[in-house]
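Next comes work-v5.cif, with mmCIF, N, CA and C atoms.
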data_structure
#
loop_
_atom_site.label_atom_id
_atom_site.label_comp_id
_atom_site.auth_asym_id
_atom_site.auth_seq_id
_atom_site.Cartn_x
_atom_site.Cartn_y
_atom_site.Cartn_z
N MET A 1 -36.99 1.17 -131.71
CA MET A 1 -37.28 0.72 -130.37
C MET A 1 -36.51 -0.56 -130.05
N GLY A 2 -36.43 -1.48 -130.99
CA GLY A 2 -35.72 -2.73 -130.79
C GLY A 2 -34.23 -2.53 -130.59
N ARG A 3 -33.69 -1.51 -131.23
CA ARG A 3 -32.25 -1.22 -131.11
C ARG A 3 -31.92 -0.74 -129.70
N ASN A 4 -32.78 0.06 -129.09
CA ASN A 4 -32.55 0.55 -127.74
C ASN A 4 -32.54 -0.60 -126.73
N ILE A 5 -33.37 -1.59 -126.92
CA ILE A 5 -33.40 -2.74 -126.02
C ILE A 5 -32.11 -3.54 -126.12
N VAL A 6 -31.61 -3.74 -127.32
CA VAL A 6 -30.36 -4.47 -127.52
C VAL A 6 -29.20 -3.72 -126.89
N GLU A 7 -29.15 -2.40 -127.08
CA GLU A 7 -28.09 -1.60 -126.46
C GLU A 7 -28.17 -1.65 -124.94
N THR A 8 -29.34 -1.64 -124.40
CA THR A 8 -29.51 -1.72 -122.95
C THR A 8 -29.06 -3.07 -122.42
N ILE A 9 -29.38 -4.15 -123.10
CA ILE A 9 -28.96 -5.49 -122.67
C ILE A 9 -27.44 -5.62 -122.75
N VAL A 10 -26.83 -5.15 -123.84
CA VAL A 10 -25.37 -5.21 -123.99
C VAL A 10 -24.69 -4.39 -122.89
N GLY A 11 -25.21 -3.21 -122.60
CA GLY A 11 -24.66 -2.37 -121.53
C GLY A 11 -24.75 -3.04 -120.18
N ALA A 12 -25.87 -3.69 -119.91
CA ALA A 12 -26.04 -4.40 -118.64
C ALA A 12 -25.07 -5.57 -118.54
N LEU A 13 -24.84 -6.29 -119.62
CA LEU A 13 -23.87 -7.39 -119.61
C LEU A 13 -22.46 -6.89 -119.37
N VAL A 14 -22.09 -5.77 -119.98
CA VAL A 14 -20.76 -5.19 -119.76
C VAL A 14 -20.59 -4.81 -118.30
N LEU A 15 -21.59 -4.17 -117.69
CA LEU A 15 -21.52 -3.81 -116.28
C LEU A 15 -21.44 -5.05 -115.38
N LEU A 16 -22.17 -6.09 -115.74
CA LEU A 16 -22.14 -7.33 -114.96
C LEU A 16 -20.75 -7.97 -115.01
N VAL A 17 -20.15 -8.04 -116.19
CA VAL A 17 -18.80 -8.61 -116.33
C VAL A 17 -17.79 -7.78 -115.55
N ALA A 18 -17.89 -6.45 -115.62
CA ALA A 18 -16.99 -5.58 -114.88
C ALA A 18 -17.14 -5.80 -113.37
N GLY A 19 -18.36 -5.96 -112.92
CA GLY A 19 -18.60 -6.23 -111.50
C GLY A 19 -18.00 -7.55 -111.06
N VAL A 20 -18.08 -8.58 -111.91
CA VAL A 20 -17.48 -9.87 -111.59
C VAL A 20 -15.97 -9.74 -111.47
N PHE A 21 -15.34 -8.99 -112.37
CA PHE A 21 -13.89 -8.78 -112.30
C PHE A 21 -13.48 -8.05 -111.03
N VAL A 22 -14.23 -7.03 -110.63
CA VAL A 22 -13.92 -6.29 -109.40
C VAL A 22 -14.07 -7.20 -108.19
N PHE A 23 -15.12 -7.98 -108.14
CA PHE A 23 -15.33 -8.91 -107.03
C PHE A 23 -14.19 -9.93 -106.97
N TYR A 24 -13.78 -10.47 -108.10
CA TYR A 24 -12.69 -11.45 -108.16
C TYR A 24 -11.38 -10.83 -107.68
N ALA A 25 -11.12 -9.60 -108.10
CA ALA A 25 -9.88 -8.93 -107.69
C ALA A 25 -9.83 -8.74 -106.18
N PHE A 26 -10.92 -8.32 -105.58
CA PHE A 26 -10.94 -8.14 -104.13
C PHE A 26 -10.88 -9.47 -103.40
N ALA A 27 -11.48 -10.49 -103.92
CA ALA A 27 -11.48 -11.80 -103.27
C ALA A 27 -10.10 -12.44 -103.29
N LYS A 28 -9.33 -12.21 -104.34
CA LYS A 28 -8.02 -12.84 -104.49
C LYS A 28 -6.87 -11.98 -104.01
N SER A 29 -7.11 -10.75 -103.60
CA SER A 29 -6.02 -9.88 -103.17
C SER A 29 -5.51 -10.31 -101.80
N ASP A 30 -4.19 -10.14 -101.60
CA ASP A 30 -3.58 -10.46 -100.32
C ASP A 30 -3.61 -9.23 -99.43
N ARG A 31 -4.59 -9.18 -98.57
CA ARG A 31 -4.71 -8.05 -97.65
C ARG A 31 -4.54 -8.56 -96.24
N THR A 32 -3.75 -7.82 -95.45
CA THR A 32 -3.63 -8.16 -94.05
C THR A 32 -4.77 -7.46 -93.32
N GLY A 33 -5.66 -8.23 -92.82
CA GLY A 33 -6.85 -7.68 -92.19
C GLY A 33 -6.64 -7.36 -90.73
N PRO A 34 -7.73 -7.20 -90.01
CA PRO A 34 -7.64 -6.84 -88.60
C PRO A 34 -7.10 -7.96 -87.72
N ASP A 35 -6.86 -9.15 -88.28
CA ASP A 35 -6.37 -10.25 -87.47
C ASP A 35 -4.86 -10.21 -87.29
N GLY A 36 -4.18 -9.17 -87.79
CA GLY A 36 -2.74 -9.05 -87.66
C GLY A 36 -2.35 -8.08 -86.56
N TYR A 37 -1.04 -7.85 -86.43
CA TYR A 37 -0.54 -6.89 -85.46
C TYR A 37 0.53 -6.05 -86.13
N GLU A 38 0.80 -4.88 -85.56
CA GLU A 38 1.72 -3.94 -86.17
C GLU A 38 3.04 -3.92 -85.40
N ILE A 39 4.15 -3.86 -86.14
CA ILE A 39 5.48 -3.73 -85.56
C ILE A 39 6.22 -2.60 -86.27
N VAL A 40 7.34 -2.20 -85.70
CA VAL A 40 8.13 -1.08 -86.22
C VAL A 40 9.58 -1.52 -86.36
N ALA A 41 10.25 -0.97 -87.38
CA ALA A 41 11.69 -1.17 -87.55
C ALA A 41 12.30 0.13 -88.03
N ARG A 42 13.54 0.40 -87.63
CA ARG A 42 14.24 1.63 -88.01
C ARG A 42 15.42 1.28 -88.91
N PHE A 43 15.53 2.03 -90.02
CA PHE A 43 16.59 1.79 -90.99
C PHE A 43 17.34 3.08 -91.29
N GLY A 44 18.62 2.95 -91.66
CA GLY A 44 19.42 4.10 -92.08
C GLY A 44 19.03 4.57 -93.46
N ARG A 45 18.68 3.65 -94.33
CA ARG A 45 18.20 4.00 -95.67
C ARG A 45 17.25 2.93 -96.16
N ILE A 46 16.23 3.36 -96.91
CA ILE A 46 15.18 2.44 -97.36
C ILE A 46 14.93 2.59 -98.86
N ASP A 47 15.96 2.85 -99.63
CA ASP A 47 15.85 3.12 -101.07
C ASP A 47 14.78 2.29 -101.75
N GLY A 48 13.76 2.94 -102.27
CA GLY A 48 12.73 2.27 -103.07
C GLY A 48 11.61 1.63 -102.30
N LEU A 49 11.68 1.57 -100.98
CA LEU A 49 10.60 0.95 -100.21
C LEU A 49 9.41 1.90 -100.16
N LYS A 50 8.23 1.37 -100.40
CA LYS A 50 7.02 2.18 -100.43
C LYS A 50 5.94 1.57 -99.54
N ARG A 51 5.00 2.40 -99.16
CA ARG A 51 3.85 1.91 -98.40
C ARG A 51 3.10 0.90 -99.27
N GLY A 52 2.72 -0.23 -98.68
CA GLY A 52 2.05 -1.28 -99.43
C GLY A 52 3.00 -2.38 -99.88
N ALA A 53 4.31 -2.19 -99.67
CA ALA A 53 5.29 -3.21 -100.06
C ALA A 53 5.10 -4.45 -99.19
N ASP A 54 5.53 -5.58 -99.71
CA ASP A 54 5.38 -6.85 -98.99
C ASP A 54 6.38 -6.97 -97.85
N VAL A 55 5.99 -7.68 -96.82
CA VAL A 55 6.87 -8.12 -95.75
C VAL A 55 6.91 -9.64 -95.86
N THR A 56 8.11 -10.20 -96.05
CA THR A 56 8.23 -11.63 -96.31
C THR A 56 9.03 -12.33 -95.23
N LEU A 57 8.75 -13.61 -95.07
CA LEU A 57 9.47 -14.49 -94.17
C LEU A 57 9.72 -15.77 -94.95
N SER A 58 10.96 -16.10 -95.20
CA SER A 58 11.33 -17.26 -96.02
C SER A 58 10.72 -17.19 -97.41
N GLY A 59 10.57 -15.98 -97.93
CA GLY A 59 10.01 -15.80 -99.27
C GLY A 59 8.50 -15.80 -99.34
N VAL A 60 7.83 -15.99 -98.20
CA VAL A 60 6.37 -16.03 -98.15
C VAL A 60 5.87 -14.70 -97.58
N LYS A 61 4.88 -14.12 -98.24
CA LYS A 61 4.33 -12.85 -97.76
C LYS A 61 3.59 -13.08 -96.45
N VAL A 62 4.01 -12.34 -95.41
CA VAL A 62 3.36 -12.45 -94.10
C VAL A 62 2.82 -11.11 -93.62
N GLY A 63 3.01 -10.06 -94.43
CA GLY A 63 2.53 -8.76 -94.00
C GLY A 63 2.74 -7.70 -95.07
N THR A 64 2.49 -6.46 -94.66
CA THR A 64 2.54 -5.32 -95.56
C THR A 64 3.12 -4.12 -94.83
N VAL A 65 3.87 -3.29 -95.55
CA VAL A 65 4.35 -2.03 -95.00
C VAL A 65 3.16 -1.07 -94.95
N THR A 66 2.85 -0.57 -93.74
CA THR A 66 1.68 0.29 -93.58
C THR A 66 2.03 1.76 -93.49
N GLY A 67 3.28 2.07 -93.21
CA GLY A 67 3.64 3.48 -93.10
C GLY A 67 5.14 3.66 -93.04
N ILE A 68 5.59 4.82 -93.54
CA ILE A 68 7.01 5.18 -93.52
C ILE A 68 7.10 6.62 -93.05
N ALA A 69 7.99 6.88 -92.09
CA ALA A 69 8.18 8.23 -91.57
C ALA A 69 9.66 8.44 -91.27
N LEU A 70 10.04 9.69 -91.10
CA LEU A 70 11.41 10.04 -90.75
C LEU A 70 11.45 10.49 -89.30
N ASP A 71 12.34 9.88 -88.51
CA ASP A 71 12.53 10.28 -87.13
C ASP A 71 13.38 11.56 -87.15
N GLY A 72 12.83 12.65 -86.64
CA GLY A 72 13.50 13.94 -86.68
C GLY A 72 14.73 14.04 -85.81
N LYS A 73 14.87 13.15 -84.83
CA LYS A 73 16.03 13.20 -83.93
C LYS A 73 17.19 12.36 -84.46
N THR A 74 16.90 11.15 -84.90
CA THR A 74 17.97 10.24 -85.34
C THR A 74 18.15 10.23 -86.84
N TYR A 75 17.21 10.84 -87.58
CA TYR A 75 17.22 10.86 -89.05
C TYR A 75 17.19 9.45 -89.64
N GLN A 76 16.54 8.57 -88.95
CA GLN A 76 16.34 7.21 -89.46
C GLN A 76 14.93 7.09 -90.02
N ALA A 77 14.78 6.19 -90.97
CA ALA A 77 13.46 5.90 -91.52
C ALA A 77 12.76 4.92 -90.59
N VAL A 78 11.55 5.27 -90.18
CA VAL A 78 10.75 4.42 -89.30
C VAL A 78 9.70 3.74 -90.17
N VAL A 79 9.79 2.41 -90.25
CA VAL A 79 8.90 1.63 -91.11
C VAL A 79 7.92 0.86 -90.23
N ARG A 80 6.62 1.09 -90.46
CA ARG A 80 5.57 0.37 -89.74
C ARG A 80 5.06 -0.76 -90.63
N MET A 81 4.89 -1.94 -90.04
CA MET A 81 4.48 -3.12 -90.79
C MET A 81 3.33 -3.82 -90.08
N ALA A 82 2.37 -4.28 -90.86
CA ALA A 82 1.29 -5.12 -90.33
C ALA A 82 1.65 -6.57 -90.67
N VAL A 83 1.73 -7.41 -89.64
CA VAL A 83 2.12 -8.81 -89.80
C VAL A 83 0.94 -9.69 -89.39
N SER A 84 0.76 -10.79 -90.10
CA SER A 84 -0.34 -11.72 -89.81
C SER A 84 -0.26 -12.23 -88.37
N ALA A 85 -1.41 -12.42 -87.77
CA ALA A 85 -1.48 -12.84 -86.37
C ALA A 85 -0.90 -14.23 -86.15
N ASN A 86 -0.91 -15.07 -87.17
CA ASN A 86 -0.40 -16.44 -87.00
C ASN A 86 1.12 -16.52 -87.14
N VAL A 87 1.80 -15.37 -87.32
CA VAL A 87 3.26 -15.34 -87.42
C VAL A 87 3.81 -14.77 -86.11
N ASN A 88 4.51 -15.60 -85.35
CA ASN A 88 5.10 -15.18 -84.08
C ASN A 88 6.60 -14.94 -84.31
N LEU A 89 7.02 -13.71 -84.13
CA LEU A 89 8.42 -13.34 -84.39
C LEU A 89 9.20 -13.24 -83.09
N PRO A 90 10.35 -13.92 -83.00
CA PRO A 90 11.20 -13.80 -81.81
C PRO A 90 11.77 -12.38 -81.67
N LEU A 91 12.17 -12.01 -80.45
CA LEU A 91 12.71 -10.67 -80.21
C LEU A 91 13.96 -10.37 -81.03
N ASP A 92 14.76 -11.39 -81.33
CA ASP A 92 16.00 -11.16 -82.07
C ASP A 92 15.83 -11.34 -83.59
N THR A 93 14.63 -11.08 -84.09
CA THR A 93 14.36 -11.15 -85.52
C THR A 93 15.14 -10.06 -86.25
N ASN A 94 15.68 -10.40 -87.41
CA ASN A 94 16.37 -9.43 -88.27
C ASN A 94 15.41 -8.98 -89.36
N ALA A 95 15.47 -7.69 -89.70
CA ALA A 95 14.69 -7.14 -90.80
C ALA A 95 15.66 -6.48 -91.77
N LYS A 96 15.54 -6.83 -93.04
CA LYS A 96 16.40 -6.18 -94.02
C LYS A 96 15.59 -5.82 -95.26
N ILE A 97 16.04 -4.79 -95.92
CA ILE A 97 15.36 -4.32 -97.13
C ILE A 97 16.11 -4.88 -98.32
N VAL A 98 15.40 -5.65 -99.12
CA VAL A 98 16.02 -6.30 -100.28
C VAL A 98 15.20 -6.01 -101.53
N SER A 99 15.86 -6.13 -102.66
CA SER A 99 15.19 -5.94 -103.94
C SER A 99 14.51 -7.24 -104.32
N GLU A 100 13.28 -7.13 -104.77
CA GLU A 100 12.51 -8.30 -105.16
C GLU A 100 13.07 -8.93 -106.44
N SER A 101 13.52 -8.07 -107.35
CA SER A 101 14.08 -8.54 -108.61
C SER A 101 14.97 -7.45 -109.18
N LEU A 102 15.62 -7.72 -110.30
CA LEU A 102 16.46 -6.71 -110.94
C LEU A 102 15.64 -5.56 -111.51
N LEU A 103 14.38 -5.81 -111.79
CA LEU A 103 13.54 -4.78 -112.40
C LEU A 103 12.92 -3.84 -111.38
N GLY A 104 13.11 -4.10 -110.12
CA GLY A 104 12.57 -3.21 -109.11
C GLY A 104 11.75 -3.95 -108.09
N GLY A 105 11.02 -3.20 -107.30
CA GLY A 105 10.22 -3.81 -106.25
C GLY A 105 11.08 -4.10 -105.04
N THR A 106 10.83 -3.43 -103.95
CA THR A 106 11.59 -3.60 -102.73
C THR A 106 10.68 -4.19 -101.66
N VAL A 107 11.20 -5.12 -100.90
CA VAL A 107 10.43 -5.76 -99.84
C VAL A 107 11.22 -5.74 -98.54
N VAL A 108 10.53 -5.93 -97.43
CA VAL A 108 11.18 -6.12 -96.14
C VAL A 108 11.23 -7.62 -95.88
N ALA A 109 12.44 -8.15 -95.79
CA ALA A 109 12.61 -9.58 -95.53
C ALA A 109 12.92 -9.78 -94.04
N LEU A 110 12.14 -10.63 -93.40
CA LEU A 110 12.33 -10.93 -91.99
C LEU A 110 13.05 -12.26 -91.84
N GLU A 111 14.01 -12.29 -90.91
CA GLU A 111 14.74 -13.52 -90.59
C GLU A 111 14.62 -13.75 -89.09
N PRO A 112 13.81 -14.74 -88.69
CA PRO A 112 13.60 -14.96 -87.26
C PRO A 112 14.86 -15.48 -86.58
N GLY A 113 15.01 -15.08 -85.32
CA GLY A 113 16.13 -15.55 -84.51
C GLY A 113 15.71 -16.73 -83.67
N GLY A 114 16.43 -16.96 -82.59
CA GLY A 114 16.15 -18.11 -81.74
C GLY A 114 15.63 -17.77 -80.36
N ASP A 115 15.35 -16.52 -80.10
CA ASP A 115 14.89 -16.09 -78.79
C ASP A 115 13.52 -16.69 -78.48
N LYS A 116 13.31 -17.03 -77.23
CA LYS A 116 12.02 -17.60 -76.81
C LYS A 116 10.95 -16.51 -76.64
N ASN A 117 11.37 -15.28 -76.31
CA ASN A 117 10.42 -14.18 -76.15
C ASN A 117 10.03 -13.64 -77.52
N LEU A 118 8.77 -13.24 -77.64
CA LEU A 118 8.24 -12.81 -78.93
C LEU A 118 8.01 -11.29 -78.96
N ILE A 119 8.05 -10.74 -80.18
CA ILE A 119 7.74 -9.34 -80.37
C ILE A 119 6.22 -9.18 -80.22
N ARG A 120 5.83 -8.26 -79.39
CA ARG A 120 4.40 -8.00 -79.16
C ARG A 120 3.89 -6.94 -80.13
N ALA A 121 2.58 -6.75 -80.14
CA ALA A 121 1.98 -5.71 -80.98
C ALA A 121 2.59 -4.36 -80.63
N ASN A 122 2.87 -3.56 -81.64
CA ASN A 122 3.52 -2.25 -81.53
C ASN A 122 4.95 -2.36 -81.01
N GLY A 123 5.52 -3.56 -81.08
CA GLY A 123 6.91 -3.75 -80.69
C GLY A 123 7.85 -3.29 -81.79
N GLU A 124 9.15 -3.35 -81.50
CA GLU A 124 10.14 -2.87 -82.46
C GLU A 124 11.19 -3.94 -82.74
N ILE A 125 11.53 -4.09 -84.00
CA ILE A 125 12.63 -4.97 -84.40
C ILE A 125 13.92 -4.19 -84.23
N GLN A 126 14.82 -4.71 -83.42
CA GLN A 126 16.07 -4.01 -83.11
C GLN A 126 17.15 -4.23 -84.16
N ASN A 127 17.18 -5.42 -84.75
CA ASN A 127 18.24 -5.78 -85.70
C ASN A 127 17.77 -5.51 -87.12
N THR A 128 18.34 -4.49 -87.76
CA THR A 128 17.94 -4.14 -89.12
C THR A 128 19.16 -4.01 -90.01
N GLN A 129 18.94 -4.22 -91.30
CA GLN A 129 19.98 -4.04 -92.31
C GLN A 129 19.42 -3.13 -93.39
N ASP A 130 20.12 -2.03 -93.65
CA ASP A 130 19.67 -1.06 -94.63
C ASP A 130 19.72 -1.64 -96.03
N SER A 131 19.02 -0.97 -96.94
CA SER A 131 19.07 -1.38 -98.34
C SER A 131 20.42 -1.00 -98.92
N ILE A 132 20.86 -1.78 -99.88
CA ILE A 132 22.13 -1.52 -100.57
C ILE A 132 21.79 -1.13 -102.00
N PRO A 133 22.08 0.11 -102.39
CA PRO A 133 21.74 0.54 -103.74
C PRO A 133 22.47 -0.28 -104.80
N LEU A 134 21.77 -0.59 -105.87
CA LEU A 134 22.32 -1.39 -106.95
C LEU A 134 23.54 -0.72 -107.58
N THR A 135 23.52 0.61 -107.64
CA THR A 135 24.67 1.32 -108.24
C THR A 135 25.94 1.11 -107.42
N GLU A 136 25.83 1.07 -106.10
CA GLU A 136 27.00 0.81 -105.27
C GLU A 136 27.52 -0.60 -105.47
N LEU A 137 26.62 -1.58 -105.61
CA LEU A 137 27.06 -2.95 -105.86
C LEU A 137 27.79 -3.06 -107.19
N ILE A 138 27.27 -2.40 -108.22
CA ILE A 138 27.90 -2.44 -109.53
C ILE A 138 29.27 -1.76 -109.47
N ALA A 139 29.35 -0.64 -108.76
CA ALA A 139 30.63 0.07 -108.64
C ALA A 139 31.66 -0.80 -107.91
N LYS A 140 31.25 -1.49 -106.86
CA LYS A 140 32.17 -2.37 -106.15
C LYS A 140 32.65 -3.50 -107.04
N PHE A 141 31.75 -4.03 -107.83
CA PHE A 141 32.11 -5.14 -108.72
C PHE A 141 33.06 -4.67 -109.82
N MET A 142 32.75 -3.52 -110.43
CA MET A 142 33.54 -3.05 -111.57
C MET A 142 34.87 -2.44 -111.15
N PHE A 143 34.88 -1.69 -110.07
CA PHE A 143 36.07 -0.92 -109.71
C PHE A 143 36.72 -1.40 -108.41
N GLY A 144 36.19 -2.41 -107.80
CA GLY A 144 36.79 -2.94 -106.59
C GLY A 144 36.46 -2.12 -105.36
N GLY A 145 35.56 -1.19 -105.45
CA GLY A 145 35.17 -0.34 -104.32
C GLY A 145 34.43 0.86 -104.82
N THR A 146 34.01 1.72 -103.88
CA THR A 146 33.26 2.91 -104.26
C THR A 146 34.15 4.15 -104.29
N GLY A 147 35.44 3.98 -104.10
CA GLY A 147 36.35 5.12 -104.16
C GLY A 147 36.68 5.70 -102.81
N SER A 148 35.96 5.35 -101.76
CA SER A 148 36.26 5.89 -100.43
C SER A 148 37.18 4.92 -99.70
N LYS A 149 38.18 5.48 -99.03
CA LYS A 149 39.14 4.65 -98.29
C LYS A 149 39.30 5.13 -96.88
#
Translate this structure into C-alpha cells?
Amino acid sequence: MGRNIVETIVGALVLLVAGVFVFYAFAKSDRTGPDGYEIVARFGRIDGLKRGADVTLSGVKVGTVTGIALDGKTYQAVVRMAVSANVNLPLDTNAKIVSESLLGGTVVALEPGGDKNLIRANGEIQNTQDSIPLTELIAKFMFGGTGSK
C-alpha cells in the first residue's frame, strides 16, 4: 500500500513539472497575436521559405509568414505575412528572402523605404527580391558564372 502512494506522488510531480515546462514554452514563444496586421508579397522563387518563418526588420523579428500559395496566372509565389501592429511600413518597403545561416532557415527580410504613405492591412509589398540558391552562388564563385551566356 505504501509503494502505491509513493508512485502516485512521483507521477503527480512528473506531471506538474511537465505542465510548468509547457506553460513556460507558451509564455516565452514569439507569437504575433491579433494586434498585428497582414500583408502580402509576390516572389519569383522562395526556396526553403516555410509557413511560420520569421519576418525581420533590421534583424529584429517583427512578424511571421502565415501562408504561401502559388498564383495560377503569374506563377509567382504569394507570401502572406502577419506583422506587429507597432511596425509601420512605408509603401516603398523592400522584401527579400534571405538565408538565416549556412545551416538553413529562411526568413523574409524587410527594408523600409522613405515614402510617407504606409502599407495598410491586407496591402501588398511591390518591391521584392527572390531567394538566391546557395548552389548558384557557389557555382558563380567557383566557375565565374552558372554557364549561361
For segment 127-129 of chain A, list every protein, DNA or RNA residue within 7 Å, evaluated using all atoms listed in the file, and leave out those in the same chain fewer than 6 positions away; present the list as a ChimeraX atom specification. /A:42-45,91-97
Where does DSSP see alpha helix (DSSP H) in chain A, if you list the residues as an MDAnalysis selection string? chainID A and resid 2:28 134:143
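Using only N, CA and C atoms, the shortest contact distance between Ala41 of chain A and any of A:Gln126, A:Ser58, A:Asn86, A:Asn117 is found at A:Gln126.
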Give me the residues near Ala69 of chain A as a compact mmCIF listing (two decimals) with N, CA and C atoms, keeping the file's coordinate frame, where near means some atom within 6.5 Å (using only N, CA and C atoms) and where sequence neighbours in that chain fewer than 3 positions away do not count.
# COMPACT_ATOMS: atom_id res chain seq x y z
N GLN A 76 16.54 8.57 -88.95
CA GLN A 76 16.34 7.21 -89.46
C GLN A 76 14.93 7.09 -90.02
N ALA A 77 14.78 6.19 -90.97
CA ALA A 77 13.46 5.90 -91.52
C ALA A 77 12.76 4.92 -90.59
N VAL A 78 11.55 5.27 -90.18
CA VAL A 78 10.75 4.42 -89.30
C VAL A 78 9.70 3.74 -90.17
N VAL A 79 9.79 2.41 -90.25
CA VAL A 79 8.90 1.63 -91.11
C VAL A 79 7.92 0.86 -90.23
N ARG A 80 6.62 1.09 -90.46
CA ARG A 80 5.57 0.37 -89.74
C ARG A 80 5.06 -0.76 -90.63
Could you list the residues chosen by the PyMOL selection byres (((chain A and resi 90 and name CA) around 10) and name CA) in this structure as a list in words? Val87, Asn88, Leu89, Leu91, Asp92, Thr93, Asn94, Glu111, Pro112, Gly113, Gly114, Asp115, Lys116, Asn117, Leu118, Ile119, Arg120 and Ile125 of chain A
So which residues touch Pro133 of chain A within 7 Å, counting all atoms listed in the file, skipping near sequence neighbours fewer than 4 positions away, as a ChimeraX atom specification? /A:47,137-138
Please dump the current selection as a short mmCIF file (atom, residue, chain, number, x, y, z; two decimals), keeping the file's coordinate frame; keep N, CA and C atoms.
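The result, written out as out.cif:
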data_model
loop_
_atom_site.label_atom_id
_atom_site.label_comp_id
_atom_site.auth_asym_id
_atom_site.auth_seq_id
_atom_site.Cartn_x
_atom_site.Cartn_y
_atom_site.Cartn_z
N ASP A 47 15.96 2.85 -99.63
CA ASP A 47 15.85 3.12 -101.07
C ASP A 47 14.78 2.29 -101.75
N LEU A 137 26.62 -1.58 -105.61
CA LEU A 137 27.06 -2.95 -105.86
C LEU A 137 27.79 -3.06 -107.19
N ILE A 138 27.27 -2.40 -108.22
CA ILE A 138 27.90 -2.44 -109.53
C ILE A 138 29.27 -1.76 -109.47
#
Atom CA of Lys50 of chain A to atom CA of Leu134 of chain A, straight-line distance in Å: 17.0 Å
What lies within 8 Å of Met81 of chain A using all atoms listed in the file, ignoring chain neighbours under 3 positions off, as an mmCIF file with N, CA and C atoms, in the frame of the given file?
data_model
loop_
_atom_site.group_PDB
_atom_site.id
_atom_site.type_symbol
_atom_site.label_atom_id
_atom_site.label_comp_id
_atom_site.auth_asym_id
_atom_site.auth_seq_id
_atom_site.Cartn_x
_atom_site.Cartn_y
_atom_site.Cartn_z
ATOM 1 N N GLY A 36 -4.180 -9.170 -87.790
ATOM 2 C CA GLY A 36 -2.740 -9.050 -87.660
ATOM 3 C C GLY A 36 -2.350 -8.080 -86.560
ATOM 4 N N TYR A 37 -1.040 -7.850 -86.430
ATOM 5 C CA TYR A 37 -0.540 -6.890 -85.460
ATOM 6 C C TYR A 37 0.530 -6.050 -86.130
ATOM 7 N N GLU A 38 0.800 -4.880 -85.560
ATOM 8 C CA GLU A 38 1.720 -3.940 -86.170
ATOM 9 C C GLU A 38 3.040 -3.920 -85.400
ATOM 10 N N ILE A 39 4.150 -3.860 -86.140
ATOM 11 C CA ILE A 39 5.480 -3.730 -85.560
ATOM 12 C C ILE A 39 6.220 -2.600 -86.270
ATOM 13 N N VAL A 40 7.340 -2.200 -85.700
ATOM 14 C CA VAL A 40 8.130 -1.080 -86.220
ATOM 15 C C VAL A 40 9.580 -1.520 -86.360
ATOM 16 N N ALA A 41 10.250 -0.970 -87.380
ATOM 17 C CA ALA A 41 11.690 -1.170 -87.550
ATOM 18 C C ALA A 41 12.300 0.130 -88.030
ATOM 19 N N VAL A 55 5.990 -7.680 -96.820
ATOM 20 C CA VAL A 55 6.870 -8.120 -95.750
ATOM 21 C C VAL A 55 6.910 -9.640 -95.860
ATOM 22 N N GLY A 63 3.010 -10.060 -94.430
ATOM 23 C CA GLY A 63 2.530 -8.760 -94.000
ATOM 24 C C GLY A 63 2.740 -7.700 -95.070
ATOM 25 N N THR A 64 2.490 -6.460 -94.660
ATOM 26 C CA THR A 64 2.540 -5.320 -95.560
ATOM 27 C C THR A 64 3.120 -4.120 -94.830
ATOM 28 N N VAL A 65 3.870 -3.290 -95.550
ATOM 29 C CA VAL A 65 4.350 -2.030 -95.000
ATOM 30 C C VAL A 65 3.160 -1.070 -94.950
ATOM 31 N N THR A 66 2.850 -0.570 -93.740
ATOM 32 C CA THR A 66 1.680 0.290 -93.580
ATOM 33 C C THR A 66 2.030 1.760 -93.490
ATOM 34 N N GLY A 67 3.280 2.070 -93.210
ATOM 35 C CA GLY A 67 3.640 3.480 -93.100
ATOM 36 C C GLY A 67 5.140 3.660 -93.040
ATOM 37 N N ILE A 68 5.590 4.820 -93.540
ATOM 38 C CA ILE A 68 7.010 5.180 -93.520
ATOM 39 C C ILE A 68 7.100 6.620 -93.050
ATOM 40 N N VAL A 78 11.550 5.270 -90.180
ATOM 41 C CA VAL A 78 10.750 4.420 -89.300
ATOM 42 C C VAL A 78 9.700 3.740 -90.170
ATOM 43 N N SER A 84 0.760 -10.790 -90.100
ATOM 44 C CA SER A 84 -0.340 -11.720 -89.810
ATOM 45 C C SER A 84 -0.260 -12.230 -88.370
#
Out of chain A, which residues get strand (DSSP E) from DSSP, as a ChimeraX atom specification? /A:37-43,54-57,60-70,77-83,94-101,104-111,123-125,127-129
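Atom CA of Leu110 of chain A is positioned 10.0 Å from atom CA of Val60 of chain A.
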